[in-house]
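Working notes, beginning with the structure itself.
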Protein chains: 2
Amino acid sequence: MSGWVQIVGIGPGDAALVTPQVQEALAQATDAVGYIPYVERVSDNPNLTLHPSDNRVELDRSRHALEMAADGRRVVVVSSGDPGIFAMAAAVYEAVEHGDPIWRDLDIRVLPGITAMLAASAACGAPLGHDFCAINLSDNMKPWELIDKRLRLAAEADFAMAFYNPRSKSRPEGFKKALKTLKESCGDNRPMIFARNVSRPDQTIKIVPLQDTSPDMADMRTVVLLGSSQTRIIARDGTPMVYTPRSVAK
Amino acid sequence: MSGWVQIVGIGPGDAALVTPQVQEALAQATDAVGYIPYVERVSDNPNLTLHPSDNRVELDRSRHALEMAADGRRVVVVSSGDPGIFAMAAAVYEAVEHGDPIWRDLDIRVLPGITAMLAASAACGAPLGHDFCAINLSDNMKPWELIDKRLRLAAEADFAMAFYNPRSKSRPEGFKKALKTLKESCGDNRPMIFARNVSRPDQTIKIVPLQDTSPDMADMRTVVLLGSSQTRIIARDGTPMVYTPRSVAK
């Protein structure tokens, strides 16, 4: 078998954020699988046979990639951001664990990428500059009670926080509940950052005091960051700078 | 003023992980400041005046960068990994907040990079594939009690975890205490991953059951990951694959 699977992170949107390592994998591959808009982003490689698929078919897509690799194809699984952060890598390994035993011997690699929270943080300063957590706010695949528990404990730990998949048309109520829990648990007015279409030409960054936030400020194209109790805002003409200091007083 | 400061993430080591955006900044800059080994990594740019400095002088280095930018220089602050994750971005903003008011009007940007935990996660599978937190284990700039509290709450929240700066010669006891807390708080034998010199030719990945870990397994060149209670190991010939599933049973 000379086939392989490389699960590649193409970053949040800007082509200047795609690593040379991922560019090389795309150049070497024979086939690309992934969610339609991500496969479109790599469609200018004439050597690639494209296999775009719909959202929410991550396991089917993973099995397809593994089958093709077992047949000797060189397959990239195209993932937004970083494949290991709320993206395709865990799906591929889940397919391996529960699939054909020969898949375990395939050459499977993950090539890291710029995940959305890093680009969002960079766009407004350094709000994740100290201890932080990252939480997927979708309850499609876990109970809401677990999300709520994690939000409360993260506030108690005084983590800065990054939230992926805050809100979608099919889940209009989740982010509303999350904001309610955060407003109560944090009890202060630390900045929340709404980074939409981050790194793209139509990027918008909104910095809003937590108690003034409302659910409609986020959608599926938004990654949301929340400072810790220590996070600072530096006022200036234009958009302020937000950062979380490296130190906490002893 | 036509000067600027760009705080650039050069990734964990492999040049193939430096984004085109950062490469372009290095090509445009007149001056590079940073910790000696990181400045050495960009020293092949003949146009750059290099200003390497020692460890633990982050604020002095930041002020120097801001002064040069105010004088019209184009300055890159070279940061390992991603500048916003336990790296130079927060230091530069701290210098801005407490420094010369004219610095607030400078063109200051953060260019994201591949932070160590992403490369470490990719190297062993997808252990951070679900909700997780990142904690700097150094107590140089915060009380140990806060670190301990965060470890206990992170275990209670069942986050996967990434640990930066686990252990140094000047702090031999901290990681020992962290492991004791984690062994107690997690109460199971989930995998801990020791990723040393990640992405470099001498990279090593060790996957060790939590209860079998010992403090000497980490040093300052190691980023340490810990699974959640849900993390899976896929056995095979050679190094196993580790991943945290995307779903938690409802």
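Identifiers in the structure tokens: chain A, B, ... in order shown; residue index from 1 per chain; ligand index from 1 in order shown.
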Please identify every residue of chain B that has at least one atom no more than 6 Å from any atom of chain A, counting only C-alpha atoms, and report them as a compact mmCIF listing (two decimals) with N, CA and C atoms, in the first residue's frame.
# COMPACT_ATOMS: atom_id res chain seq x y z
N ALA B 16 8.45 24.49 7.50
CA ALA B 16 7.26 24.25 6.68
C ALA B 16 5.97 24.59 7.42
N LEU B 17 6.10 24.98 8.69
CA LEU B 17 4.92 25.41 9.46
C LEU B 17 4.84 26.93 9.62
N THR B 19 3.73 30.38 8.26
CA THR B 19 2.74 30.79 7.26
C THR B 19 3.35 31.75 6.25
N PRO B 20 2.81 31.79 5.02
CA PRO B 20 3.25 32.80 4.04
C PRO B 20 3.10 34.22 4.58
N GLN B 21 2.07 34.47 5.38
CA GLN B 21 1.87 35.81 5.94
C GLN B 21 3.07 36.23 6.80
N GLY B 84 0.04 34.79 20.44
CA GLY B 84 -1.02 35.06 21.40
C GLY B 84 -1.18 34.00 22.47
N ILE B 85 -0.46 32.89 22.35
CA ILE B 85 -0.60 31.77 23.29
C ILE B 85 0.69 31.64 24.10
N PHE B 86 0.69 32.17 25.32
CA PHE B 86 1.84 32.10 26.21
C PHE B 86 3.10 32.56 25.49
N ALA B 89 2.79 38.37 22.36
CA ALA B 89 1.78 39.40 22.08
C ALA B 89 1.32 40.10 23.36
N ALA B 90 1.02 39.32 24.41
CA ALA B 90 0.54 39.94 25.65
C ALA B 90 1.60 40.87 26.24
N VAL B 110 -0.74 41.36 15.15
CA VAL B 110 -0.32 40.02 15.55
C VAL B 110 -0.56 39.09 14.37
N PRO B 112 -0.80 35.25 13.37
CA PRO B 112 -0.88 33.97 14.08
C PRO B 112 0.09 32.93 13.56
N ALA B 119 0.62 21.31 17.06
CA ALA B 119 1.58 20.40 16.42
C ALA B 119 1.70 19.11 17.22
N ALA B 122 -1.42 17.03 16.60
CA ALA B 122 -1.36 16.43 15.26
C ALA B 122 -0.41 15.25 15.22
N ALA B 126 -5.59 13.11 17.63
CA ALA B 126 -6.46 14.28 17.87
C ALA B 126 -6.91 14.30 19.33
N GLY B 129 -9.44 16.90 20.38
CA GLY B 129 -10.55 16.93 19.42
C GLY B 129 -11.88 17.35 20.00
N ASP B 131 -13.75 19.65 23.67
CA ASP B 131 -13.49 20.78 24.58
C ASP B 131 -12.20 20.58 25.39
N PHE B 132 -11.42 21.63 25.49
CA PHE B 132 -10.11 21.50 26.16
C PHE B 132 -9.70 22.83 26.77
N CYS B 133 -8.64 22.78 27.57
CA CYS B 133 -8.07 24.01 28.12
C CYS B 133 -6.55 23.97 27.96
N ALA B 134 -5.95 25.14 28.05
CA ALA B 134 -4.50 25.29 27.95
C ALA B 134 -4.02 26.06 29.17
N ILE B 135 -3.05 25.50 29.86
CA ILE B 135 -2.57 26.08 31.12
C ILE B 135 -1.05 26.18 31.08
N MET B 141 4.98 33.83 37.31
CA MET B 141 4.18 35.06 37.24
C MET B 141 2.77 34.90 37.77
N LYS B 142 2.51 33.81 38.48
CA LYS B 142 1.20 33.67 39.14
C LYS B 142 1.37 32.70 40.31
N PRO B 143 0.46 32.75 41.26
CA PRO B 143 0.60 31.88 42.43
C PRO B 143 0.35 30.41 42.05
N ARG B 150 -6.95 25.66 38.96
CA ARG B 150 -7.35 25.46 37.57
C ARG B 150 -7.25 23.99 37.15
N ALA B 157 -14.39 19.64 34.95
CA ALA B 157 -15.09 19.97 33.70
C ALA B 157 -14.87 18.91 32.63
N TYR B 243 -7.14 9.84 20.30
CA TYR B 243 -8.08 10.89 19.91
C TYR B 243 -9.19 11.02 20.94
N PRO B 245 -13.12 11.74 21.13
CA PRO B 245 -14.27 11.76 20.22
C PRO B 245 -15.02 13.09 20.26
N SER B 247 -18.18 13.41 20.22
CA SER B 247 -19.48 13.33 20.88
C SER B 247 -19.36 12.79 22.29
N VAL B 248 -20.31 13.21 23.13
CA VAL B 248 -20.47 12.65 24.47
C VAL B 248 -21.92 12.19 24.54
N LYS B 250 -25.65 11.44 25.11
CA LYS B 250 -26.68 12.28 25.74
C LYS B 250 -27.48 11.45 26.72
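Of the residues in range 186-235 of chain A, those given strand (DSSP E) by DSSP on the backbone are Pro191, Met192, Ile193, Phe194, Ala195, Arg196, Thr204, Ile205, Lys206, Ile207, Val208, Pro209, Thr222, Val223, Val224, Leu225, Leu226, Arg232, Ile233 and Ile234 of chain A.
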Item to check | Within 6 Å of range 30-37 of chain A using only C-alpha atoms, minus same-chain residues under 3 positions, as a PyMOL selection string | outcome: chain A and resi 40+48-55+74-78
Checklist entry - Given the choices B:Ser229, B:Asn47, B:Thr213, B:Gln28, which gets closest to Phe175 in chain B if the distance is worked out from only C-alpha atoms? => result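 Checking each candidate against Phe175 in chain B, we get B:Thr213 as the closest.
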Item to check | Residue with smallest distance to Gly99 in chain A - pool A:Leu182, A:Val198, A:Met68, A:Leu59, counting only C-alpha atoms | outcome: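 Closest to Gly99 in chain A, using only C-alpha atoms: A:Leu59.
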Checklist entry - Looking at A:Asp60, A:Asp44, A:Asp216, A:Asp71, which one is nearest to Ser2 in chain A, with distances taken over only C-alpha atoms? => result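 Smallest distance to Ser2 in chain A is found for A:Asp71.
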Checklist entry - Can you tell me, as a ChimeraX atom specification, what residues are no more than 9 Å from Met220 in chain B when counting only C-alpha atoms, ignoring any on the same chain fewer than 2 positions away? => result /B:164-169,196,218,222-223
Checklist entry - Separation of CA of Asp100 in chain B and CA of His64 in chain B, in Å? => result 11.8 Å
Checklist entry - If you run DSSP on the backbone, which residues of range 7-76 of chain B are alpha helix (DSSP H), as a ChimeraX atom specification? => result /B:20-28,36-41,58-70
Next on the checklist: Can you measure CA of Leu66 in chain B to CA of Pro46 in chain B for me? One decimal in Å is fine.
Outcome noted: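 One can read the CA of Leu66 in chain B to CA of Pro46 in chain B distance as 21.9 Å.
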Item to check | Distance in Å - CA of Leu106 in chain B versus CA of Gly3 in chain B | outcome: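 According to the coordinates, CA of Leu106 in chain B and CA of Gly3 in chain B are separated by 7.5 Å.
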